[in-house]
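Chemist: One file: input.pdb (PDB, C-alpha atoms, pLDDT in the B column).
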```pdb
MODEL        1
ATOM      1  CA  MET A 448       1.905 -18.259  25.987  1.00 35.00           C
ATOM      2  CA  ASP A 449       1.129 -16.658  22.642  1.00 42.00           C
ATOM      3  CA  ILE A 450      -2.187 -14.875  23.182  1.00 41.00           C
ATOM      4  CA  ARG A 451      -2.291 -12.893  19.936  1.00 43.00           C
ATOM      5  CA  PHE A 452      -5.062 -15.088  18.573  1.00 41.00           C
ATOM      6  CA  ASN A 453      -6.916 -15.476  21.855  1.00 45.00           C
ATOM      7  CA  ARG A 454      -7.634 -11.834  22.572  1.00 47.00           C
ATOM      8  CA  PHE A 455     -11.312 -11.103  23.037  1.00 47.00           C
ATOM      9  CA  GLU A 456     -12.465  -8.545  20.482  1.00 56.00           C
ATOM     10  CA  PRO A 457     -15.478  -6.347  21.351  1.00 56.00           C
ATOM     11  CA  GLN A 458     -18.536  -7.261  19.307  1.00 58.00           C
ATOM     12  CA  PRO A 459     -21.649  -5.092  18.817  1.00 56.00           C
ATOM     13  CA  LEU A 460     -24.644  -6.250  20.796  1.00 55.00           C
ATOM     14  CA  PRO A 461     -27.750  -5.904  18.592  1.00 54.00           C
ATOM     15  CA  ASN A 462     -30.190  -6.077  21.504  1.00 47.00           C
ATOM     16  CA  ALA A 463     -28.246  -3.803  23.848  1.00 56.00           C
ATOM     17  CA  SER A 464     -28.467  -0.089  24.443  1.00 81.00           C
ATOM     18  CA  ALA A 465     -25.654   2.289  23.497  1.00 89.00           C
ATOM     19  CA  VAL A 466     -23.751   4.911  25.473  1.00 93.00           C
ATOM     20  CA  MET A 467     -21.277   7.543  24.262  1.00 94.00           C
ATOM     21  CA  PHE A 468     -18.707   8.974  26.664  1.00 96.00           C
ATOM     22  CA  CYS A 469     -17.473  12.488  25.841  1.00 96.00           C
ATOM     23  CA  LEU A 470     -14.191  13.325  27.610  1.00 97.00           C
ATOM     24  CA  MET A 471     -12.842  16.888  27.389  1.00 96.00           C
ATOM     25  CA  ASP A 472      -9.668  18.470  28.756  1.00 95.00           C
ATOM     26  CA  VAL A 473     -10.464  21.893  30.263  1.00 94.00           C
ATOM     27  CA  SER A 474      -7.135  22.442  32.062  1.00 92.00           C
ATOM     28  CA  ALA A 475      -5.133  25.679  31.944  1.00 91.00           C
ATOM     29  CA  SER A 476      -3.014  24.473  29.010  1.00 89.00           C
ATOM     30  CA  MET A 477      -6.191  24.417  26.931  1.00 92.00           C
ATOM     31  CA  GLY A 478      -6.523  28.049  25.863  1.00 88.00           C
ATOM     32  CA  GLU A 479      -9.699  29.577  24.506  1.00 90.00           C
ATOM     33  CA  ARG A 480      -8.812  28.520  20.940  1.00 91.00           C
ATOM     34  CA  GLU A 481      -8.211  24.920  21.987  1.00 91.00           C
ATOM     35  CA  LYS A 482     -11.357  24.769  24.122  1.00 91.00           C
ATOM     36  CA  ASP A 483     -13.403  26.298  21.305  1.00 93.00           C
ATOM     37  CA  LEU A 484     -12.186  23.657  18.835  1.00 94.00           C
ATOM     38  CA  ALA A 485     -12.874  20.867  21.302  1.00 93.00           C
ATOM     39  CA  LYS A 486     -16.381  22.182  21.986  1.00 92.00           C
ATOM     40  CA  ARG A 487     -17.099  22.495  18.266  1.00 92.00           C
ATOM     41  CA  PHE A 488     -16.103  18.873  17.789  1.00 92.00           C
ATOM     42  CA  PHE A 489     -18.330  17.713  20.645  1.00 91.00           C
ATOM     43  CA  VAL A 490     -21.261  19.868  19.491  1.00 89.00           C
ATOM     44  CA  LEU A 491     -21.087  18.141  16.107  1.00 89.00           C
ATOM     45  CA  LEU A 492     -20.855  14.743  17.795  1.00 88.00           C
ATOM     46  CA  HIS A 493     -23.767  15.596  20.088  1.00 84.00           C
ATOM     47  CA  LEU A 494     -25.979  16.656  17.171  1.00 85.00           C
ATOM     48  CA  PHE A 495     -24.983  13.556  15.196  1.00 83.00           C
ATOM     49  CA  LEU A 496     -25.951  11.234  18.040  1.00 82.00           C
ATOM     50  CA  LYS A 497     -29.208  12.979  18.914  1.00 79.00           C
ATOM     51  CA  ARG A 498     -30.416  13.074  15.324  1.00 79.00           C
ATOM     52  CA  ARG A 499     -29.306   9.608  14.289  1.00 76.00           C
ATOM     53  CA  TYR A 500     -30.137   7.392  17.233  1.00 77.00           C
ATOM     54  CA  GLU A 501     -33.393   7.003  19.058  1.00 76.00           C
ATOM     55  CA  ARG A 502     -31.864   5.373  22.123  1.00 81.00           C
ATOM     56  CA  ILE A 503     -28.434   6.414  23.286  1.00 88.00           C
ATOM     57  CA  ASP A 504     -27.102   7.743  26.580  1.00 93.00           C
ATOM     58  CA  ILE A 505     -24.453  10.471  26.516  1.00 93.00           C
ATOM     59  CA  VAL A 506     -22.093  10.819  29.471  1.00 97.00           C
ATOM     60  CA  PHE A 507     -20.161  14.103  29.719  1.00 96.00           C
ATOM     61  CA  ILE A 508     -16.834  14.097  31.592  1.00 97.00           C
ATOM     62  CA  ARG A 509     -14.563  17.137  32.038  1.00 96.00           C
ATOM     63  CA  HIS A 510     -11.129  17.096  33.608  1.00 96.00           C
ATOM     64  CA  THR A 511      -8.292  19.267  34.853  1.00 94.00           C
ATOM     65  CA  ASP A 512      -6.135  17.507  37.463  1.00 93.00           C
ATOM     66  CA  GLU A 513      -9.450  16.065  38.649  1.00 95.00           C
ATOM     67  CA  ALA A 514     -12.331  14.676  36.611  1.00 96.00           C
ATOM     68  CA  GLY A 515     -16.050  14.495  37.084  1.00 96.00           C
ATOM     69  CA  GLU A 516     -19.238  13.600  35.283  1.00 97.00           C
ATOM     70  CA  VAL A 517     -21.215  16.760  34.522  1.00 96.00           C
ATOM     71  CA  ASP A 518     -24.439  17.725  32.810  1.00 95.00           C
ATOM     72  CA  GLU A 519     -24.598  18.973  29.222  1.00 92.00           C
ATOM     73  CA  ASN A 520     -24.692  22.664  30.127  1.00 92.00           C
ATOM     74  CA  THR A 521     -21.683  22.426  32.452  1.00 93.00           C
ATOM     75  CA  PHE A 522     -19.739  20.417  29.888  1.00 92.00           C
ATOM     76  CA  PHE A 523     -20.085  23.053  27.200  1.00 89.00           C
ATOM     77  CA  TYR A 524     -20.207  26.314  29.163  1.00 88.00           C
ATOM     78  CA  SER A 525     -18.437  26.023  32.528  1.00 84.00           C
ATOM     79  CA  LYS A 526     -15.244  28.142  32.890  1.00 80.00           C
ATOM     80  CA  GLN A 527     -13.409  25.553  34.997  1.00 76.00           C
ATOM     81  CA  SER A 528      -9.614  25.439  34.673  1.00 77.00           C
ATOM     82  CA  GLY A 529      -6.593  24.044  36.518  1.00 82.00           C
ATOM     83  CA  GLY A 530      -3.715  21.574  36.225  1.00 89.00           C
ATOM     84  CA  THR A 531      -3.691  18.497  34.017  1.00 93.00           C
ATOM     85  CA  VAL A 532      -3.933  14.811  34.907  1.00 96.00           C
ATOM     86  CA  VAL A 533      -5.578  13.143  31.916  1.00 97.00           C
ATOM     87  CA  SER A 534      -5.880   9.714  33.506  1.00 98.00           C
ATOM     88  CA  THR A 535      -8.505  11.067  35.911  1.00 97.00           C
ATOM     89  CA  ALA A 536     -10.971  11.280  32.990  1.00 98.00           C
ATOM     90  CA  LEU A 537     -10.340   7.664  32.008  1.00 98.00           C
ATOM     91  CA  GLU A 538     -10.690   6.563  35.626  1.00 98.00           C
ATOM     92  CA  GLU A 539     -13.990   8.452  35.880  1.00 98.00           C
ATOM     93  CA  MET A 540     -15.231   6.805  32.696  1.00 98.00           C
ATOM     94  CA  LEU A 541     -14.301   3.383  34.064  1.00 98.00           C
ATOM     95  CA  ARG A 542     -16.080   4.155  37.330  1.00 98.00           C
ATOM     96  CA  VAL A 543     -19.279   5.149  35.512  1.00 98.00           C
ATOM     97  CA  ILE A 544     -19.142   2.040  33.307  1.00 98.00           C
ATOM     98  CA  ARG A 545     -18.804  -0.200  36.356  1.00 96.00           C
ATOM     99  CA  GLU A 546     -21.678   1.517  38.129  1.00 97.00           C
ATOM    100  CA  ARG A 547     -24.175   1.971  35.285  1.00 96.00           C
ATOM    101  CA  TYR A 548     -23.102   0.500  31.955  1.00 96.00           C
ATOM    102  CA  PRO A 549     -22.001  -3.152  32.133  1.00 93.00           C
ATOM    103  CA  ALA A 550     -20.345  -4.079  28.857  1.00 91.00           C
ATOM    104  CA  HIS A 551     -22.445  -7.228  28.421  1.00 89.00           C
ATOM    105  CA  GLU A 552     -25.575  -5.045  28.280  1.00 90.00           C
ATOM    106  CA  TRP A 553     -24.325  -1.860  26.566  1.00 92.00           C
ATOM    107  CA  ASN A 554     -22.472  -0.916  23.402  1.00 90.00           C
ATOM    108  CA  ILE A 555     -19.890   1.552  24.740  1.00 93.00           C
ATOM    109  CA  TYR A 556     -18.324   4.315  22.637  1.00 93.00           C
ATOM    110  CA  ALA A 557     -16.012   7.152  23.636  1.00 95.00           C
ATOM    111  CA  ALA A 558     -14.522  10.335  22.209  1.00 95.00           C
ATOM    112  CA  GLN A 559     -11.742  12.274  23.928  1.00 97.00           C
ATOM    113  CA  ALA A 560     -10.385  15.752  23.111  1.00 96.00           C
ATOM    114  CA  SER A 561      -7.195  17.235  24.572  1.00 96.00           C
ATOM    115  CA  ASP A 562      -4.188  19.354  23.630  1.00 94.00           C
ATOM    116  CA  GLY A 563      -2.004  16.440  24.726  1.00 93.00           C
ATOM    117  CA  GLU A 564      -0.316  18.290  27.575  1.00 93.00           C
ATOM    118  CA  ASN A 565      -0.115  16.084  30.664  1.00 95.00           C
ATOM    119  CA  ILE A 566       1.687  15.730  33.961  1.00 95.00           C
ATOM    120  CA  SER A 567       4.927  13.732  33.780  1.00 93.00           C
ATOM    121  CA  GLY A 568       4.366   9.980  33.740  1.00 94.00           C
ATOM    122  CA  ASP A 569       0.585  10.160  33.441  1.00 97.00           C
ATOM    123  CA  SER A 570       0.418   9.562  29.686  1.00 97.00           C
ATOM    124  CA  GLU A 571       1.785   6.070  30.259  1.00 97.00           C
ATOM    125  CA  ARG A 572      -0.883   5.606  32.914  1.00 97.00           C
ATOM    126  CA  CYS A 573      -3.519   6.604  30.323  1.00 98.00           C
ATOM    127  CA  ALA A 574      -2.201   4.081  27.814  1.00 97.00           C
ATOM    128  CA  SER A 575      -2.238   1.364  30.472  1.00 97.00           C
ATOM    129  CA  LEU A 576      -5.845   2.149  31.403  1.00 98.00           C
ATOM    130  CA  LEU A 577      -6.845   1.884  27.761  1.00 98.00           C
ATOM    131  CA  HIS A 578      -4.858  -1.297  27.107  1.00 96.00           C
ATOM    132  CA  ASP A 579      -5.799  -3.092  30.316  1.00 96.00           C
ATOM    133  CA  GLU A 580      -9.307  -1.856  31.045  1.00 96.00           C
ATOM    134  CA  LEU A 581     -11.223   0.318  28.626  1.00 97.00           C
ATOM    135  CA  MET A 582     -10.503  -0.971  25.127  1.00 97.00           C
ATOM    136  CA  GLY A 583     -11.779  -4.414  26.028  1.00 95.00           C
ATOM    137  CA  LEU A 584     -15.076  -2.787  27.039  1.00 96.00           C
ATOM    138  CA  CYS A 585     -15.465  -0.273  24.199  1.00 95.00           C
ATOM    139  CA  GLN A 586     -16.821  -0.873  20.737  1.00 91.00           C
ATOM    140  CA  TYR A 587     -14.976   2.249  19.560  1.00 92.00           C
ATOM    141  CA  TYR A 588     -12.716   4.940  21.054  1.00 95.00           C
ATOM    142  CA  ALA A 589     -11.691   8.127  19.232  1.00 94.00           C
ATOM    143  CA  TYR A 590      -8.973  10.522  20.394  1.00 96.00           C
ATOM    144  CA  VAL A 591      -8.736  14.047  18.952  1.00 95.00           C
ATOM    145  CA  GLU A 592      -5.684  16.161  19.769  1.00 95.00           C
ATOM    146  CA  ILE A 593      -5.900  19.945  19.367  1.00 93.00           C
ATOM    147  CA  ILE A 594      -2.684  21.388  17.921  1.00 90.00           C
ATOM    148  CA  ASP A 595      -1.476  24.812  16.798  1.00 86.00           C
ATOM    149  CA  GLU A 596      -1.858  25.558  13.095  1.00 79.00           C
ATOM    150  CA  ARG A 597       1.909  26.122  12.910  1.00 73.00           C
ATOM    151  CA  GLU A 598       2.406  22.531  14.052  1.00 66.00           C
ATOM    152  CA  THR A 599       0.300  21.011  11.287  1.00 62.00           C
ATOM    153  CA  GLU A 600       3.132  20.498   8.814  1.00 61.00           C
ATOM    154  CA  ILE A 601       5.458  19.215  11.550  1.00 62.00           C
ATOM    155  CA  PHE A 602       3.114  16.785  13.291  1.00 59.00           C
ATOM    156  CA  GLY A 603       0.323  16.243  10.799  1.00 56.00           C
ATOM    157  CA  THR A 604       1.616  12.985   9.348  1.00 55.00           C
ATOM    158  CA  THR A 605       4.201  11.840  11.907  1.00 60.00           C
ATOM    159  CA  ASP A 606       4.327   9.945  15.173  1.00 68.00           C
ATOM    160  CA  ASN A 607       6.072  12.875  16.860  1.00 74.00           C
ATOM    161  CA  GLY A 608       4.179  15.053  19.296  1.00 83.00           C
ATOM    162  CA  THR A 609       3.065  15.272  22.881  1.00 90.00           C
ATOM    163  CA  SER A 610       3.643  12.557  25.460  1.00 92.00           C
ATOM    164  CA  LEU A 611      -0.054  11.682  25.318  1.00 95.00           C
ATOM    165  CA  TRP A 612       0.014  11.344  21.536  1.00 94.00           C
ATOM    166  CA  ARG A 613       3.051   9.076  21.670  1.00 93.00           C
ATOM    167  CA  ALA A 614       1.509   6.954  24.436  1.00 95.00           C
ATOM    168  CA  TYR A 615      -1.757   6.628  22.530  1.00 96.00           C
ATOM    169  CA  ARG A 616       0.100   5.490  19.421  1.00 94.00           C
ATOM    170  CA  THR A 617       0.850   2.258  21.302  1.00 94.00           C
ATOM    171  CA  VAL A 618      -2.885   1.780  21.790  1.00 96.00           C
ATOM    172  CA  ASP A 619      -3.603   2.616  18.165  1.00 93.00           C
ATOM    173  CA  GLY A 620      -1.186  -0.060  17.063  1.00 87.00           C
ATOM    174  CA  GLU A 621      -2.832  -2.782  19.149  1.00 93.00           C
ATOM    175  CA  TRP A 622      -6.565  -2.089  19.037  1.00 94.00           C
ATOM    176  CA  PRO A 623      -8.458  -1.766  15.719  1.00 92.00           C
ATOM    177  CA  ASN A 624     -11.372  -0.109  17.555  1.00 93.00           C
ATOM    178  CA  PHE A 625      -9.119   2.827  18.570  1.00 94.00           C
ATOM    179  CA  GLN A 626      -8.622   5.805  16.253  1.00 92.00           C
ATOM    180  CA  MET A 627      -6.705   9.058  16.728  1.00 93.00           C
ATOM    181  CA  THR A 628      -6.224  12.249  14.747  1.00 91.00           C
ATOM    182  CA  ARG A 629      -5.390  15.947  15.088  1.00 91.00           C
ATOM    183  CA  ILE A 630      -7.309  19.200  14.666  1.00 92.00           C
ATOM    184  CA  ALA A 631      -5.654  22.588  14.115  1.00 91.00           C
ATOM    185  CA  LYS A 632      -8.476  24.837  12.869  1.00 91.00           C
ATOM    186  CA  PRO A 633     -12.284  24.884  12.586  1.00 92.00           C
ATOM    187  CA  ALA A 634     -12.169  23.721   8.972  1.00 91.00           C
ATOM    188  CA  ASP A 635     -10.519  20.482  10.129  1.00 90.00           C
ATOM    189  CA  ILE A 636     -13.394  19.440  12.357  1.00 90.00           C
ATOM    190  CA  TYR A 637     -15.931  18.118   9.853  1.00 90.00           C
ATOM    191  CA  PRO A 638     -13.413  16.116   7.763  1.00 88.00           C
ATOM    192  CA  VAL A 639     -11.949  14.671  10.969  1.00 86.00           C
ATOM    193  CA  PHE A 640     -15.421  13.845  12.256  1.00 83.00           C
ATOM    194  CA  ARG A 641     -16.257  12.016   9.038  1.00 84.00           C
ATOM    195  CA  LYS A 642     -12.950  10.159   9.240  1.00 81.00           C
ATOM    196  CA  LEU A 643     -13.578   9.036  12.808  1.00 83.00           C
ATOM    197  CA  PHE A 644     -17.301   8.277  12.707  1.00 78.00           C
ATOM    198  CA  GLY A 645     -18.503   8.251   9.122  1.00 70.00           C
ATOM    199  CA  LYS A 646     -17.617   4.644   8.315  1.00 56.00           C
ATOM    200  CA  GLN A 647     -18.081   2.836  11.601  1.00 53.00           C
ATOM    201  CA  PRO A 648     -20.557   0.000  10.965  1.00 42.00           C
ATOM    202  CA  GLU A 649     -21.060  -0.524  14.714  1.00 48.00           C
ATOM    203  CA  MET A 650     -22.490   2.971  15.012  1.00 49.00           C
ATOM    204  CA  GLN A 651     -25.477   1.850  12.973  1.00 41.00           C
ATOM    205  CA  LEU A 652     -26.748  -0.449  15.709  1.00 41.00           C
ATOM    206  CA  ARG A 653     -29.098   1.970  17.435  1.00 38.00           C
ATOM    207  CA  LYS A 654     -30.345   3.819  14.366  1.00 35.00           C
TER
ENDMDL
END
```
Could you write out this structure as structure tokens?
Modeler:
Amino acid sequence: MDIRFNRFEPQPLPNASAVMFCLMDVSASMGEREKDLAKRFFVLLHLFLKRRYERIDIVFIRHTDEAGEVDENTFFYSKQSGGTVVSTALEEMLRVIRERYPAHEWNIYAAQASDGENISGDSERCASLLHDELMGLCQYYAYVEIIDERETEIFGTTDNGTSLWRAYRTVDGEWPNFQMTRIAKPADIYPVFRKLFGKQPEMQLRK
């Protein structure tokens, strides 16, 4: 059966509350430079949400080879490190949605930051979770990959890159509410932020 024209697209719910999920990779492959760039991105996002919206929940999730919901202070300042299994963060997000944020009552947004390094085979698992579970629940999902400045010219405008980047390109091609980009230096953060969030009409709902 051809289901291309029968897919349910997420629609903003004017009378619902909004929640933003912040997912950050803090595994050993994320060095201090990468973690600093990721934190800078999330600080900007946090300030944007707090200043612009009167009613919005923010859920902070950190992951190594395990993921967990944490408070704001732990998210930004904990020194946790370890191996990498990115899908654990998506599974934790799905668990929290099922427990506290039913999609028929909440507008659900997410932003994820990682260097793209992942255990073998797990990037495909991440893409499957997005395709099969999360994108049908989310109004908008943004993925930011932290790369080395020397990689900018190589990967900046191509589909080449990490296994996670390549897996997420399949999501990007299927879901208009999914966006992805790369950050290599602090000066990239604000332009990337504006690209990802500056023109999203759905984000005006809870203003």
Chemist: Taking all atoms listed in the file into account, produce a table as a Markdown table in which each residue of region 535-571 of chain A with an atom at most 7 Å from an atom of region 587-598 of chain A appears once, together with its shortest atom pair and the distance in Å to one decimal, ordered by chain and rising number.
Modeler:
```
| residue | atom | partner | partner_atom | distance |
| --- | --- | --- | --- | --- |
| A:Tyr556 | CA | A:Tyr587 | CA | 5.0 |
| A:Ala557 | CA | A:Tyr588 | CA | 4.7 |
| A:Ala558 | CA | A:Ala589 | CA | 4.7 |
| A:Gln559 | CA | A:Tyr590 | CA | 4.8 |
| A:Ala560 | CA | A:Val591 | CA | 4.8 |
| A:Ser561 | CA | A:Glu592 | CA | 5.1 |
| A:Asp562 | CA | A:Ile593 | CA | 4.6 |
| A:Gly563 | CA | A:Glu592 | CA | 6.2 |
```
Chemist: Extract, using all atoms listed in the file, all DNA, RNA and protein residues at most 8 Å from Thr531 (chain A), discarding same-chain residues fewer than 5 positions from it, and format them as a ChimeraX atom specification.
Modeler: /A:472,474-476,510-513,564-566
Chemist: Quick one: residues within 10 Å of (-9.3, 26.9, 19.7) (file frame), counting all atoms listed in the file, please, as a PyMOL selection string.
Modeler: chain A and resi 477-487+562+593-595+630-633
Chemist: As an exercise, work out the distance from CA of Ser464 (chain A) to CA of Ile503 (chain A) in Å and give it to one decimal place.
Modeler: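 Interatomic distance here is 6.6 Å.
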Chemist: Can you list, as a list in words, the residues that the PyMOL selection byres ((chain A and resi 614) around 9) selects here?
Modeler: Ser570, Glu571, Arg572, Cys573, Ala574, Thr609, Ser610, Leu611, Trp612, Arg613, Tyr615, Arg616, Thr617 and Val618 of chain A
Chemist: My list of candidates is A:Phe495, A:Asp569, A:Val473, A:Phe640. Which is closest to Gly530 (chain A) when distances are computed with all atoms listed in the file?
Modeler: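 Looking only at the distances to Gly530 (chain A), the closest residue turns out to be A:Val473.
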Chemist: Can you measure CA of Val506 (chain A) to CA of Asn520 (chain A) for me? One decimal in Å is fine.
Modeler: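 About the pair CA of Val506 (chain A) and CA of Asn520 (chain A): they are 12.1 Å apart.
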Chemist: List as a PyMOL selection string the protein and nucleic acid residues near Arg641 (chain A), meaning an atom at most 12 Å away when all atoms listed in the file are counted, but skip any in the same chain fewer than 2 places from it.
Modeler: chain A and resi 488+491-492+495+589+628+635-639+643-647
Chemist: Grab the residues selected above and save them as a short mmCIF file (atom, residue, chain, number, x, y, z; two decimals), keeping the file's coordinate frame with C-alpha atoms.
Modeler:
```
data_model
loop_
_atom_site.label_atom_id
_atom_site.label_comp_id
_atom_site.auth_asym_id
_atom_site.auth_seq_id
_atom_site.Cartn_x
_atom_site.Cartn_y
_atom_site.Cartn_z
CA PHE A 488 -16.10 18.87 17.79
CA LEU A 491 -21.09 18.14 16.11
CA LEU A 492 -20.86 14.74 17.80
CA PHE A 495 -24.98 13.56 15.20
CA ALA A 589 -11.69 8.13 19.23
CA THR A 628 -6.22 12.25 14.75
CA ASP A 635 -10.52 20.48 10.13
CA ILE A 636 -13.39 19.44 12.36
CA TYR A 637 -15.93 18.12 9.85
CA PRO A 638 -13.41 16.12 7.76
CA VAL A 639 -11.95 14.67 10.97
CA LEU A 643 -13.58 9.04 12.81
CA PHE A 644 -17.30 8.28 12.71
CA GLY A 645 -18.50 8.25 9.12
CA LYS A 646 -17.62 4.64 8.32
CA GLN A 647 -18.08 2.84 11.60
#
```
Chemist: Ranking A:Val543, A:Gln586, A:Ala550, A:His493 by minimum distance to Glu519 (chain A) and counting only C-alpha atoms, which one comes first?
Modeler: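 Nearest candidate to Glu519 (chain A) out of A:Val543, A:Gln586, A:Ala550, A:His493: A:His493.
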Chemist: So how many Å separate CA of Phe468 (chain A) and CA of Leu541 (chain A), to one decimal?
Modeler: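 Taking CA of Phe468 (chain A) and CA of Leu541 (chain A), their separation equals 10.3 Å.
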Chemist: So what does the PyMOL selection byres ((chain A and resi 502) around 8) actually pick up in this one, as an NGL selection string?
Modeler: :A and (464-465 or 500-501 or 503-504 or 653)
Chemist: Ranking A:Arg498, A:Arg509, A:Lys642, A:His578 by minimum distance to Gly620 (chain A) and counting all atoms listed in the file, which one comes first?
Modeler: A:His578
Chemist: For Val517 (chain A), please output as a list of chain:residue names all residues within 12 Å (counting all atoms listed in the file; exclusion window: fewer than 5 positions along the same chain).
Modeler: A:Phe468, A:Cys469, A:Leu470, A:Met471, A:Ile505, A:Val506, A:Phe507, A:Ile508, A:Arg509, A:His510, A:Phe522, A:Phe523, A:Tyr524, A:Ser525, A:Gln527, A:Ala536, A:Glu539, A:Met540, A:Val543
